[in-house]
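So this one's start_7.csv, CSV, N, CA and C atoms:
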chain,number,residue,atom,x,y,z
A,1,MET,N,-6.5,20.8,-38.3
A,1,MET,CA,-6.4,19.4,-38.7
A,1,MET,C,-5.2,18.8,-38.1
A,2,ILE,N,-4.0,19.5,-38.1
A,2,ILE,CA,-2.8,18.9,-37.5
A,2,ILE,C,-3.1,18.8,-35.9
A,3,GLU,N,-3.8,19.7,-35.3
A,3,GLU,CA,-4.0,19.6,-33.9
A,3,GLU,C,-4.9,18.3,-33.6
A,4,ARG,N,-5.8,18.0,-34.4
A,4,ARG,CA,-6.7,16.8,-34.2
A,4,ARG,C,-5.8,15.6,-34.3
A,5,ARG,N,-4.9,15.6,-35.3
A,5,ARG,CA,-4.0,14.4,-35.4
A,5,ARG,C,-3.1,14.3,-34.2
A,6,LEU,N,-2.6,15.4,-33.7
A,6,LEU,CA,-1.8,15.3,-32.5
A,6,LEU,C,-2.5,14.8,-31.3
A,7,VAL,N,-3.8,15.3,-31.1
A,7,VAL,CA,-4.6,14.8,-30.0
A,7,VAL,C,-4.9,13.3,-30.2
A,8,PHE,N,-5.2,12.9,-31.4
A,8,PHE,CA,-5.5,11.5,-31.7
A,8,PHE,C,-4.3,10.6,-31.4
A,9,ILE,N,-3.1,11.1,-31.8
A,9,ILE,CA,-1.9,10.3,-31.5
A,9,ILE,C,-1.6,10.2,-30.0
A,10,ALA,N,-1.8,11.3,-29.3
A,10,ALA,CA,-1.6,11.4,-27.9
A,10,ALA,C,-2.6,10.4,-27.2
A,11,VAL,N,-3.8,10.4,-27.6
A,11,VAL,CA,-4.8,9.5,-27.0
A,11,VAL,C,-4.4,8.0,-27.3
A,12,LEU,N,-4.0,7.7,-28.5
A,12,LEU,CA,-3.5,6.4,-28.8
A,12,LEU,C,-2.3,6.0,-27.9
A,13,ALA,N,-1.4,6.9,-27.8
A,13,ALA,CA,-0.2,6.6,-27.0
A,13,ALA,C,-0.5,6.3,-25.5
A,14,LEU,N,-1.4,7.1,-25.0
A,14,LEU,CA,-1.9,6.9,-23.6
A,14,LEU,C,-2.6,5.6,-23.5
A,15,ALA,N,-3.5,5.3,-24.4
A,15,ALA,CA,-4.2,4.0,-24.3
A,15,ALA,C,-3.3,2.8,-24.4
A,16,ALA,N,-2.2,2.9,-25.2
A,16,ALA,CA,-1.3,1.8,-25.4
A,16,ALA,C,-0.5,1.6,-24.1
A,17,CYS,N,-0.3,2.7,-23.3
A,17,CYS,CA,0.5,2.6,-22.0
A,17,CYS,C,-0.4,2.3,-20.8
A,18,SER,N,-1.7,2.1,-21.1
A,18,SER,CA,-2.6,2.0,-20.0
A,18,SER,C,-2.3,0.7,-19.1
A,19,ALA,N,-2.5,0.9,-17.8
A,19,ALA,CA,-2.2,-0.2,-16.9
A,19,ALA,C,-3.4,-1.2,-16.9
A,20,SER,N,-4.5,-0.9,-17.6
A,20,SER,CA,-5.6,-1.7,-17.5
A,20,SER,C,-5.7,-2.8,-18.7
A,21,ASP,N,-4.5,-3.1,-19.1
A,21,ASP,CA,-4.4,-4.1,-20.2
A,21,ASP,C,-5.0,-5.5,-19.7
A,22,PRO,N,-6.0,-6.0,-20.3
A,22,PRO,CA,-6.7,-7.2,-19.8
A,22,PRO,C,-5.8,-8.4,-19.9
A,23,ALA,N,-4.7,-8.4,-20.7
A,23,ALA,CA,-3.8,-9.5,-20.8
A,23,ALA,C,-2.9,-9.6,-19.6
A,24,THR,N,-2.8,-8.5,-18.8
A,24,THR,CA,-1.9,-8.5,-17.6
A,24,THR,C,-2.8,-8.1,-16.4
A,25,PRO,N,-3.4,-9.1,-15.8
A,25,PRO,CA,-4.3,-8.7,-14.7
A,25,PRO,C,-3.4,-8.2,-13.5
A,26,ALA,N,-4.0,-7.3,-12.7
A,26,ALA,CA,-3.3,-6.8,-11.5
A,26,ALA,C,-3.3,-7.9,-10.5
A,27,PRO,N,-2.2,-8.0,-9.7
A,27,PRO,CA,-2.1,-9.1,-8.7
A,27,PRO,C,-3.2,-8.8,-7.6
A,28,ALA,N,-3.7,-9.9,-7.1
A,28,ALA,CA,-4.7,-9.9,-6.1
A,28,ALA,C,-4.1,-9.3,-4.8
A,29,ILE,N,-4.8,-8.5,-4.1
A,29,ILE,CA,-4.4,-8.0,-2.8
A,29,ILE,C,-5.0,-8.8,-1.7
A,30,VAL,N,-4.2,-9.4,-0.9
A,30,VAL,CA,-4.6,-10.3,0.2
A,30,VAL,C,-4.3,-9.6,1.5
A,31,LYS,N,-5.3,-9.4,2.4
A,31,LYS,CA,-5.1,-8.8,3.6
A,31,LYS,C,-5.4,-9.8,4.7
A,32,THR,N,-4.6,-9.7,5.8
A,32,THR,CA,-4.8,-10.6,6.9
A,32,THR,C,-5.2,-9.7,8.1
A,33,MET,N,-6.0,-10.2,8.9
A,33,MET,CA,-6.5,-9.5,10.1
A,33,MET,C,-6.2,-10.4,11.3
A,34,LYS,N,-5.7,-9.7,12.4
A,34,LYS,CA,-5.5,-10.5,13.5
A,34,LYS,C,-6.8,-11.0,14.2
A,35,ASP,N,-6.8,-12.1,14.7
A,35,ASP,CA,-8.0,-12.7,15.3
A,35,ASP,C,-7.6,-13.5,16.6
A,36,PRO,N,-7.3,-12.7,17.7
A,36,PRO,CA,-6.9,-13.4,18.9
A,36,PRO,C,-7.9,-14.4,19.4
A,37,GLY,N,-9.2,-14.2,19.3
A,37,GLY,CA,-10.2,-15.1,19.7
A,37,GLY,C,-10.1,-16.4,19.0
A,38,ALA,N,-10.0,-16.4,17.7
A,38,ALA,CA,-9.8,-17.7,16.9
A,38,ALA,C,-8.5,-18.3,17.3
A,39,GLY,N,-7.4,-17.5,17.6
A,39,GLY,CA,-6.1,-18.0,18.0
A,39,GLY,C,-6.2,-18.8,19.3
A,40,LYS,N,-6.9,-18.2,20.2
A,40,LYS,CA,-7.0,-18.8,21.6
A,40,LYS,C,-7.8,-20.2,21.4
A,41,VAL,N,-8.8,-20.2,20.6
A,41,VAL,CA,-9.6,-21.4,20.5
A,41,VAL,C,-8.7,-22.5,19.8
A,42,ALA,N,-8.0,-22.1,18.8
A,42,ALA,CA,-7.1,-23.0,18.1
A,42,ALA,C,-6.0,-23.6,19.0
A,43,ILE,N,-5.5,-22.7,19.8
A,43,ILE,CA,-4.4,-23.1,20.8
A,43,ILE,C,-5.0,-24.1,21.8
A,44,SER,N,-6.2,-23.8,22.2
A,44,SER,CA,-6.9,-24.7,23.2
A,44,SER,C,-7.1,-26.1,22.6
A,45,ARG,N,-7.2,-26.2,21.3
A,45,ARG,CA,-7.5,-27.4,20.6
A,45,ARG,C,-6.2,-28.1,20.1
A,46,GLY,N,-5.0,-27.5,20.5
A,46,GLY,CA,-3.8,-28.1,20.1
A,46,GLY,C,-3.1,-27.6,18.9
A,47,ALA,N,-3.4,-26.5,18.4
A,47,ALA,CA,-2.8,-25.9,17.2
A,47,ALA,C,-1.3,-25.7,17.5
A,48,VAL,N,-0.5,-25.8,16.4
A,48,VAL,CA,0.9,-25.4,16.4
A,48,VAL,C,1.0,-23.9,16.6
A,49,LEU,N,1.8,-23.5,17.6
A,49,LEU,CA,2.0,-22.1,17.9
A,49,LEU,C,3.4,-21.7,17.5
A,50,ILE,N,3.4,-20.7,16.6
A,50,ILE,CA,4.7,-20.1,16.1
A,50,ILE,C,4.8,-18.6,16.4
A,51,ASP,N,5.8,-18.2,17.1
A,51,ASP,CA,6.0,-16.9,17.5
A,51,ASP,C,7.0,-16.3,16.5
A,52,VAL,N,6.6,-15.3,15.7
A,52,VAL,CA,7.5,-14.8,14.7
A,52,VAL,C,8.3,-13.5,15.0
A,53,ARG,N,8.4,-13.3,16.3
A,53,ARG,CA,9.2,-12.2,16.8
A,53,ARG,C,10.7,-12.5,16.7
A,54,THR,N,11.5,-11.6,17.1
A,54,THR,CA,13.0,-11.8,17.1
A,54,THR,C,13.3,-12.7,18.2
A,55,PRO,N,14.5,-13.4,18.1
A,55,PRO,CA,14.9,-14.2,19.2
A,55,PRO,C,15.0,-13.5,20.6
A,56,ASP,N,15.4,-12.2,20.6
A,56,ASP,CA,15.5,-11.4,21.8
A,56,ASP,C,14.1,-11.2,22.4
A,57,GLU,N,13.2,-10.9,21.5
A,57,GLU,CA,11.8,-10.7,22.0
A,57,GLU,C,11.2,-12.0,22.6
A,58,PHE,N,11.5,-13.1,21.9
A,58,PHE,CA,11.0,-14.4,22.3
A,58,PHE,C,11.6,-14.7,23.7
A,59,ALA,N,12.9,-14.5,23.8
A,59,ALA,CA,13.6,-14.8,25.1
A,59,ALA,C,13.0,-14.0,26.3
A,60,ALA,N,12.5,-12.8,26.0
A,60,ALA,CA,12.0,-11.9,27.0
A,60,ALA,C,10.6,-12.4,27.5
A,61,GLY,N,10.0,-13.4,26.8
A,61,GLY,CA,8.7,-13.9,27.2
A,61,GLY,C,7.9,-14.4,26.0
A,62,HIS,N,7.3,-15.6,26.2
A,62,HIS,CA,6.5,-16.2,25.1
A,62,HIS,C,5.5,-17.1,25.7
A,63,LEU,N,4.6,-17.6,24.8
A,63,LEU,CA,3.6,-18.5,25.3
A,63,LEU,C,4.2,-19.9,25.4
A,64,ALA,N,3.7,-20.7,26.3
A,64,ALA,CA,4.1,-22.1,26.4
A,64,ALA,C,3.9,-22.8,25.1
A,65,ASN,N,4.8,-23.7,24.8
A,65,ASN,CA,4.8,-24.5,23.6
A,65,ASN,C,5.0,-23.8,22.3
A,66,ALA,N,5.3,-22.5,22.4
A,66,ALA,CA,5.6,-21.7,21.1
A,66,ALA,C,7.0,-22.0,20.6
A,67,THR,N,7.1,-22.0,19.3
A,67,THR,CA,8.3,-22.2,18.6
A,67,THR,C,8.7,-20.9,18.0
A,68,ASN,N,9.9,-20.4,18.1
A,68,ASN,CA,10.3,-19.1,17.6
A,68,ASN,C,10.9,-19.3,16.2
A,69,ILE,N,10.2,-18.7,15.2
A,69,ILE,CA,10.7,-18.6,13.8
A,69,ILE,C,10.5,-17.2,13.4
A,70,PRO,N,11.5,-16.3,13.5
A,70,PRO,CA,11.4,-14.9,13.1
A,70,PRO,C,10.7,-14.8,11.7
A,71,VAL,N,9.9,-13.8,11.6
A,71,VAL,CA,9.1,-13.6,10.3
A,71,VAL,C,10.0,-13.6,9.1
A,72,ASP,N,11.2,-13.0,9.2
A,72,ASP,CA,12.1,-12.9,8.0
A,72,ASP,C,12.7,-14.3,7.7
A,73,GLU,N,12.5,-15.3,8.5
A,73,GLU,CA,13.1,-16.6,8.3
A,73,GLU,C,12.0,-17.7,8.0
A,74,VAL,N,10.7,-17.3,8.0
A,74,VAL,CA,9.7,-18.3,7.8
A,74,VAL,C,9.8,-19.0,6.5
A,75,ALA,N,10.1,-18.2,5.4
A,75,ALA,CA,10.2,-18.8,4.1
A,75,ALA,C,11.3,-19.8,3.9
A,76,THR,N,12.4,-19.5,4.7
A,76,THR,CA,13.6,-20.4,4.6
A,76,THR,C,13.5,-21.5,5.6
A,77,ARG,N,12.6,-21.5,6.5
A,77,ARG,CA,12.5,-22.5,7.5
A,77,ARG,C,11.2,-23.3,7.4
A,78,LEU,N,10.7,-23.4,6.1
A,78,LEU,CA,9.4,-24.2,5.9
A,78,LEU,C,9.6,-25.7,6.3
A,79,ALA,N,10.8,-26.2,6.2
A,79,ALA,CA,11.0,-27.6,6.5
A,79,ALA,C,10.7,-27.8,8.0
A,80,GLU,N,11.1,-26.8,8.8
A,80,GLU,CA,10.8,-26.8,10.3
A,80,GLU,C,9.3,-26.7,10.5
A,81,VAL,N,8.6,-25.9,9.8
A,81,VAL,CA,7.2,-25.8,9.9
A,81,VAL,C,6.5,-27.1,9.6
A,82,ALA,N,7.0,-27.7,8.5
A,82,ALA,CA,6.5,-29.0,8.1
A,82,ALA,C,6.7,-30.1,9.2
A,83,LYS,N,7.8,-30.0,9.8
A,83,LYS,CA,8.1,-31.0,10.9
A,83,LYS,C,7.1,-30.7,12.1
A,84,LEU,N,6.9,-29.5,12.4
A,84,LEU,CA,5.9,-29.1,13.5
A,84,LEU,C,4.5,-29.6,13.2
A,85,THR,N,4.2,-29.6,11.9
A,85,THR,CA,2.8,-30.0,11.5
A,85,THR,C,2.7,-31.4,11.0
A,86,ASN,N,3.8,-32.2,11.2
A,86,ASN,CA,3.8,-33.6,10.7
A,86,ASN,C,3.5,-33.6,9.2
A,87,ASN,N,4.0,-32.6,8.4
A,87,ASN,CA,3.8,-32.5,7.0
A,87,ASN,C,2.3,-32.5,6.6
A,88,ASP,N,1.5,-32.0,7.5
A,88,ASP,CA,0.0,-31.9,7.2
A,88,ASP,C,-0.3,-30.4,7.0
A,89,LEU,N,-0.6,-30.0,5.7
A,89,LEU,CA,-0.8,-28.6,5.4
A,89,LEU,C,-2.2,-28.1,6.0
A,90,ALA,N,-3.0,-29.0,6.5
A,90,ALA,CA,-4.3,-28.6,7.1
A,90,ALA,C,-4.2,-28.5,8.6
A,91,ILE,N,-3.1,-28.8,9.2
A,91,ILE,CA,-3.0,-28.7,10.7
A,91,ILE,C,-3.1,-27.2,11.1
A,92,PRO,N,-3.9,-26.9,12.1
A,92,PRO,CA,-4.0,-25.5,12.5
A,92,PRO,C,-2.7,-24.9,13.0
A,93,ILE,N,-2.4,-23.7,12.6
A,93,ILE,CA,-1.2,-23.0,13.0
A,93,ILE,C,-1.7,-21.6,13.5
A,94,VAL,N,-1.2,-21.2,14.7
A,94,VAL,CA,-1.5,-19.9,15.2
A,94,VAL,C,-0.1,-19.2,15.2
A,95,LEU,N,-0.1,-18.0,14.7
A,95,LEU,CA,1.0,-17.1,14.6
A,95,LEU,C,0.8,-15.9,15.6
A,96,ASN,N,1.9,-15.5,16.2
A,96,ASN,CA,1.8,-14.3,17.0
A,96,ASN,C,3.2,-13.6,16.9
A,97,CYS,N,3.1,-12.3,17.2
A,97,CYS,CA,4.2,-11.4,17.2
A,97,CYS,C,4.0,-10.4,18.3
A,98,GLY,N,4.3,-9.1,18.0
A,98,GLY,CA,4.1,-8.0,19.0
A,98,GLY,C,2.8,-7.4,18.9
A,99,THR,N,2.3,-7.2,17.6
A,99,THR,CA,1.0,-6.5,17.4
A,99,THR,C,0.1,-7.2,16.4
A,100,GLY,N,0.7,-8.1,15.6
A,100,GLY,CA,-0.1,-8.8,14.6
A,100,GLY,C,0.4,-8.5,13.2
A,101,GLN,N,1.2,-7.5,13.0
A,101,GLN,CA,1.7,-7.1,11.7
A,101,GLN,C,2.6,-8.2,11.1
A,102,ARG,N,3.6,-8.6,11.9
A,102,ARG,CA,4.6,-9.6,11.4
A,102,ARG,C,3.9,-11.0,11.3
A,103,ALA,N,2.9,-11.2,12.2
A,103,ALA,CA,2.2,-12.5,12.1
A,103,ALA,C,1.4,-12.5,10.8
A,104,GLY,N,0.9,-11.4,10.4
A,104,GLY,CA,0.1,-11.3,9.1
A,104,GLY,C,1.1,-11.6,7.9
A,105,ARG,N,2.3,-11.1,8.0
A,105,ARG,CA,3.2,-11.3,6.9
A,105,ARG,C,3.6,-12.8,6.8
A,106,ALA,N,3.8,-13.4,8.0
A,106,ALA,CA,4.1,-14.8,8.1
A,106,ALA,C,2.9,-15.7,7.6
A,107,GLN,N,1.7,-15.2,7.9
A,107,GLN,CA,0.5,-15.9,7.5
A,107,GLN,C,0.4,-16.0,5.9
A,108,LEU,N,0.8,-14.9,5.3
A,108,LEU,CA,0.8,-14.9,3.8
A,108,LEU,C,1.9,-15.8,3.3
A,109,THR,N,3.0,-15.9,3.9
A,109,THR,CA,4.1,-16.8,3.5
A,109,THR,C,3.6,-18.2,3.6
A,110,LEU,N,3.0,-18.6,4.8
A,110,LEU,CA,2.6,-20.0,5.0
A,110,LEU,C,1.4,-20.3,4.0
A,111,ALA,N,0.5,-19.4,3.8
A,111,ALA,CA,-0.6,-19.6,2.8
A,111,ALA,C,0.0,-19.9,1.4
A,112,ALA,N,1.0,-19.1,1.0
A,112,ALA,CA,1.6,-19.3,-0.3
A,112,ALA,C,2.3,-20.7,-0.3
A,113,ALA,N,2.7,-21.2,0.8
A,113,ALA,CA,3.4,-22.5,0.8
A,113,ALA,C,2.3,-23.7,0.9
A,114,GLY,N,1.1,-23.3,1.0
A,114,GLY,CA,0.0,-24.3,0.9
A,114,GLY,C,-0.7,-24.6,2.2
A,115,TYR,N,-0.3,-24.0,3.3
A,115,TYR,CA,-1.0,-24.2,4.6
A,115,TYR,C,-2.3,-23.6,4.5
A,116,THR,N,-3.3,-24.3,5.0
A,116,THR,CA,-4.7,-23.9,4.8
A,116,THR,C,-5.4,-23.4,6.1
A,117,SER,N,-4.8,-23.6,7.2
A,117,SER,CA,-5.5,-23.3,8.5
A,117,SER,C,-4.5,-22.5,9.4
A,118,VAL,N,-4.2,-21.3,8.9
A,118,VAL,CA,-3.3,-20.4,9.6
A,118,VAL,C,-4.0,-19.2,10.2
A,119,VAL,N,-3.9,-19.0,11.5
A,119,VAL,CA,-4.5,-17.9,12.1
A,119,VAL,C,-3.5,-16.9,12.6
A,120,ASN,N,-3.8,-15.6,12.3
A,120,ASN,CA,-3.0,-14.5,12.9
A,120,ASN,C,-3.5,-14.2,14.2
A,121,GLY,N,-2.9,-14.7,15.3
A,121,GLY,CA,-3.4,-14.5,16.6
A,121,GLY,C,-3.1,-13.1,17.2
A,122,GLY,N,-2.4,-12.3,16.4
A,122,GLY,CA,-2.1,-11.0,16.9
A,122,GLY,C,-0.8,-10.9,17.7
A,123,GLY,N,-0.8,-10.0,18.7
A,123,GLY,CA,0.3,-9.9,19.6
A,123,GLY,C,0.3,-10.8,20.7
A,124,LEU,N,1.5,-11.0,21.3
A,124,LEU,CA,1.6,-11.8,22.5
A,124,LEU,C,0.6,-11.5,23.6
A,125,ARG,N,0.4,-10.2,23.9
A,125,ARG,CA,-0.5,-9.7,24.9
A,125,ARG,C,-2.0,-10.1,24.5
A,126,ASP,N,-2.3,-10.0,23.2
A,126,ASP,CA,-3.6,-10.4,22.8
A,126,ASP,C,-4.0,-11.8,23.1
A,127,LEU,N,-3.0,-12.7,23.0
A,127,LEU,CA,-3.2,-14.1,23.3
A,127,LEU,C,-3.1,-14.5,24.8
A,128,GLN,N,-2.4,-13.6,25.6
A,128,GLN,CA,-2.3,-13.8,27.0
A,128,GLN,C,-3.5,-13.4,27.8
A,129,GLN,N,-4.3,-12.5,27.2
A,129,GLN,CA,-5.5,-11.9,28.0
A,129,GLN,C,-6.6,-12.9,28.0

Kindly present the structure from the file in structure tokens form.
Amino acid sequence: MIERRLVFIAVLALAACSASDPATPAPAIVKTMKDPGAGKVAISRGAVLIDVRTPDEFAAGHLANATNIPVDEVATRLAEVAKLTNNDLAIPIVLNCGTGQRAGRAQLTLAAAGYTSVVNGGGLRDLQQ
């Protein structure tokens, strides 16, 4: 009898600590995928181009008309992004970096700030080919 009570108490304790509490939904997981093809099309149509690599990487070579805003500075330089887009959250923006990883992070930051047409163009080489 005591063993049943202990098992019952253990089950209740585990249920109370469960991460599946419906009152606290898990955060949504958002994934970004690089899409150089869409990036090239958007650039050909006049999209704002932001290179999120380091200043040294940018100085070593970048696409024409690109603005350098390192990925770790995107959130603090949203006023500059707004100026580039004339304060229009729907203006197409193409992001690039070395491989698409940092551009994906910057894409999430801009999406959280309300930008609705942001493309992860991938790496610099992806957009140059």

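Distance check against Arg102 (chain A) using only N, CA and C atoms: of A:Val71, A:Leu124, A:Ile43, A:Ala38, the minimum falls on A:Val71.
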
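Minimum atom-to-atom distances from A:Pro92, A:Gly61, A:Gly98, A:Gly114 to Ser44 (chain A) were compared using only C-alpha atoms, and the lowest value belongs to A:Pro92.
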
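Atom N of Ile93 (chain A) to CA of Ala47 (chain A) spans 5.1 Å [interatomic distance, one decimal].
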
Find the residues around Gly104 (chain A) up to 7 Å (only N, CA and C atoms counted), leave out those fewer than 4 positions away in its own chain, and share them as a compact mmCIF listing (two decimals) with N, CA and C atoms, in the frame of the given file.
# COMPACT_ATOMS: atom_id res chain seq x y z
N THR A 32 -4.60 -9.70 5.80
CA THR A 32 -4.80 -10.60 6.90
C THR A 32 -5.20 -9.70 8.10
N MET A 33 -6.00 -10.20 8.90
CA MET A 33 -6.50 -9.50 10.10
C MET A 33 -6.20 -10.40 11.30
N LYS A 34 -5.70 -9.70 12.40
CA LYS A 34 -5.50 -10.50 13.50
C LYS A 34 -6.80 -11.00 14.20
N LEU A 95 -0.10 -18.00 14.70
CA LEU A 95 1.00 -17.10 14.60
C LEU A 95 0.80 -15.90 15.60
N GLY A 100 0.70 -8.10 15.60
CA GLY A 100 -0.10 -8.80 14.60
C GLY A 100 0.40 -8.50 13.20
N LEU A 108 0.80 -14.90 5.30
CA LEU A 108 0.80 -14.90 3.80
C LEU A 108 1.90 -15.80 3.30
N THR A 109 3.00 -15.90 3.90
CA THR A 109 4.10 -16.80 3.50
C THR A 109 3.60 -18.20 3.60
N ASN A 120 -3.80 -15.60 12.30
CA ASN A 120 -3.00 -14.50 12.90
C ASN A 120 -3.50 -14.20 14.20
N GLY A 122 -2.40 -12.30 16.40
CA GLY A 122 -2.10 -11.00 16.90
C GLY A 122 -0.80 -10.90 17.70

DSSP helix (DSSP H, G or I) residues within region 27-91 of chain A, as a PyMOL selection string: chain A and resi 36-44+55-59+71-73+75-84

I need the residues from that last selection saved to file as an mmCIF file, keeping the file's coordinate frame (with N, CA and C atoms), if you can.
data_model
loop_
_atom_site.group_PDB
_atom_site.id
_atom_site.type_symbol
_atom_site.label_atom_id
_atom_site.label_comp_id
_atom_site.auth_asym_id
_atom_site.auth_seq_id
_atom_site.Cartn_x
_atom_site.Cartn_y
_atom_site.Cartn_z
ATOM 1 N N PRO A 36 -7.300 -12.700 17.700
ATOM 2 C CA PRO A 36 -6.900 -13.400 18.900
ATOM 3 C C PRO A 36 -7.900 -14.400 19.400
ATOM 4 N N GLY A 37 -9.200 -14.200 19.300
ATOM 5 C CA GLY A 37 -10.200 -15.100 19.700
ATOM 6 C C GLY A 37 -10.100 -16.400 19.000
ATOM 7 N N ALA A 38 -10.000 -16.400 17.700
ATOM 8 C CA ALA A 38 -9.800 -17.700 16.900
ATOM 9 C C ALA A 38 -8.500 -18.300 17.300
ATOM 10 N N GLY A 39 -7.400 -17.500 17.600
ATOM 11 C CA GLY A 39 -6.100 -18.000 18.000
ATOM 12 C C GLY A 39 -6.200 -18.800 19.300
ATOM 13 N N LYS A 40 -6.900 -18.200 20.200
ATOM 14 C CA LYS A 40 -7.000 -18.800 21.600
ATOM 15 C C LYS A 40 -7.800 -20.200 21.400
ATOM 16 N N VAL A 41 -8.800 -20.200 20.600
ATOM 17 C CA VAL A 41 -9.600 -21.400 20.500
ATOM 18 C C VAL A 41 -8.700 -22.500 19.800
ATOM 19 N N ALA A 42 -8.000 -22.100 18.800
ATOM 20 C CA ALA A 42 -7.100 -23.000 18.100
ATOM 21 C C ALA A 42 -6.000 -23.600 19.000
ATOM 22 N N ILE A 43 -5.500 -22.700 19.800
ATOM 23 C CA ILE A 43 -4.400 -23.100 20.800
ATOM 24 C C ILE A 43 -5.000 -24.100 21.800
ATOM 25 N N SER A 44 -6.200 -23.800 22.200
ATOM 26 C CA SER A 44 -6.900 -24.700 23.200
ATOM 27 C C SER A 44 -7.100 -26.100 22.600
ATOM 28 N N PRO A 55 14.500 -13.400 18.100
ATOM 29 C CA PRO A 55 14.900 -14.200 19.200
ATOM 30 C C PRO A 55 15.000 -13.500 20.600
ATOM 31 N N ASP A 56 15.400 -12.200 20.600
ATOM 32 C CA ASP A 56 15.500 -11.400 21.800
ATOM 33 C C ASP A 56 14.100 -11.200 22.400
ATOM 34 N N GLU A 57 13.200 -10.900 21.500
ATOM 35 C CA GLU A 57 11.800 -10.700 22.000
ATOM 36 C C GLU A 57 11.200 -12.000 22.600
ATOM 37 N N PHE A 58 11.500 -13.100 21.900
ATOM 38 C CA PHE A 58 11.000 -14.400 22.300
ATOM 39 C C PHE A 58 11.600 -14.700 23.700
ATOM 40 N N ALA A 59 12.900 -14.500 23.800
ATOM 41 C CA ALA A 59 13.600 -14.800 25.100
ATOM 42 C C ALA A 59 13.000 -14.000 26.300
ATOM 43 N N VAL A 71 9.900 -13.800 11.600
ATOM 44 C CA VAL A 71 9.100 -13.600 10.300
ATOM 45 C C VAL A 71 10.000 -13.600 9.100
ATOM 46 N N ASP A 72 11.200 -13.000 9.200
ATOM 47 C CA ASP A 72 12.100 -12.900 8.000
ATOM 48 C C ASP A 72 12.700 -14.300 7.700
ATOM 49 N N GLU A 73 12.500 -15.300 8.500
ATOM 50 C CA GLU A 73 13.100 -16.600 8.300
ATOM 51 C C GLU A 73 12.000 -17.700 8.000
ATOM 52 N N ALA A 75 10.100 -18.200 5.400
ATOM 53 C CA ALA A 75 10.200 -18.800 4.100
ATOM 54 C C ALA A 75 11.300 -19.800 3.900
ATOM 55 N N THR A 76 12.400 -19.500 4.700
ATOM 56 C CA THR A 76 13.600 -20.400 4.600
ATOM 57 C C THR A 76 13.500 -21.500 5.600
ATOM 58 N N ARG A 77 12.600 -21.500 6.500
ATOM 59 C CA ARG A 77 12.500 -22.500 7.500
ATOM 60 C C ARG A 77 11.200 -23.300 7.400
ATOM 61 N N LEU A 78 10.700 -23.400 6.100
ATOM 62 C CA LEU A 78 9.400 -24.200 5.900
ATOM 63 C C LEU A 78 9.600 -25.700 6.300
ATOM 64 N N ALA A 79 10.800 -26.200 6.200
ATOM 65 C CA ALA A 79 11.000 -27.600 6.500
ATOM 66 C C ALA A 79 10.700 -27.800 8.000
ATOM 67 N N GLU A 80 11.100 -26.800 8.800
ATOM 68 C CA GLU A 80 10.800 -26.800 10.300
ATOM 69 C C GLU A 80 9.300 -26.700 10.500
ATOM 70 N N VAL A 81 8.600 -25.900 9.800
ATOM 71 C CA VAL A 81 7.200 -25.800 9.900
ATOM 72 C C VAL A 81 6.500 -27.100 9.600
ATOM 73 N N ALA A 82 7.000 -27.700 8.500
ATOM 74 C CA ALA A 82 6.500 -29.000 8.100
ATOM 75 C C ALA A 82 6.700 -30.100 9.200
ATOM 76 N N LYS A 83 7.800 -30.000 9.800
ATOM 77 C CA LYS A 83 8.100 -31.000 10.900
ATOM 78 C C LYS A 83 7.100 -30.700 12.100
ATOM 79 N N LEU A 84 6.900 -29.500 12.400
ATOM 80 C CA LEU A 84 5.900 -29.100 13.500
ATOM 81 C C LEU A 84 4.500 -29.600 13.200
#
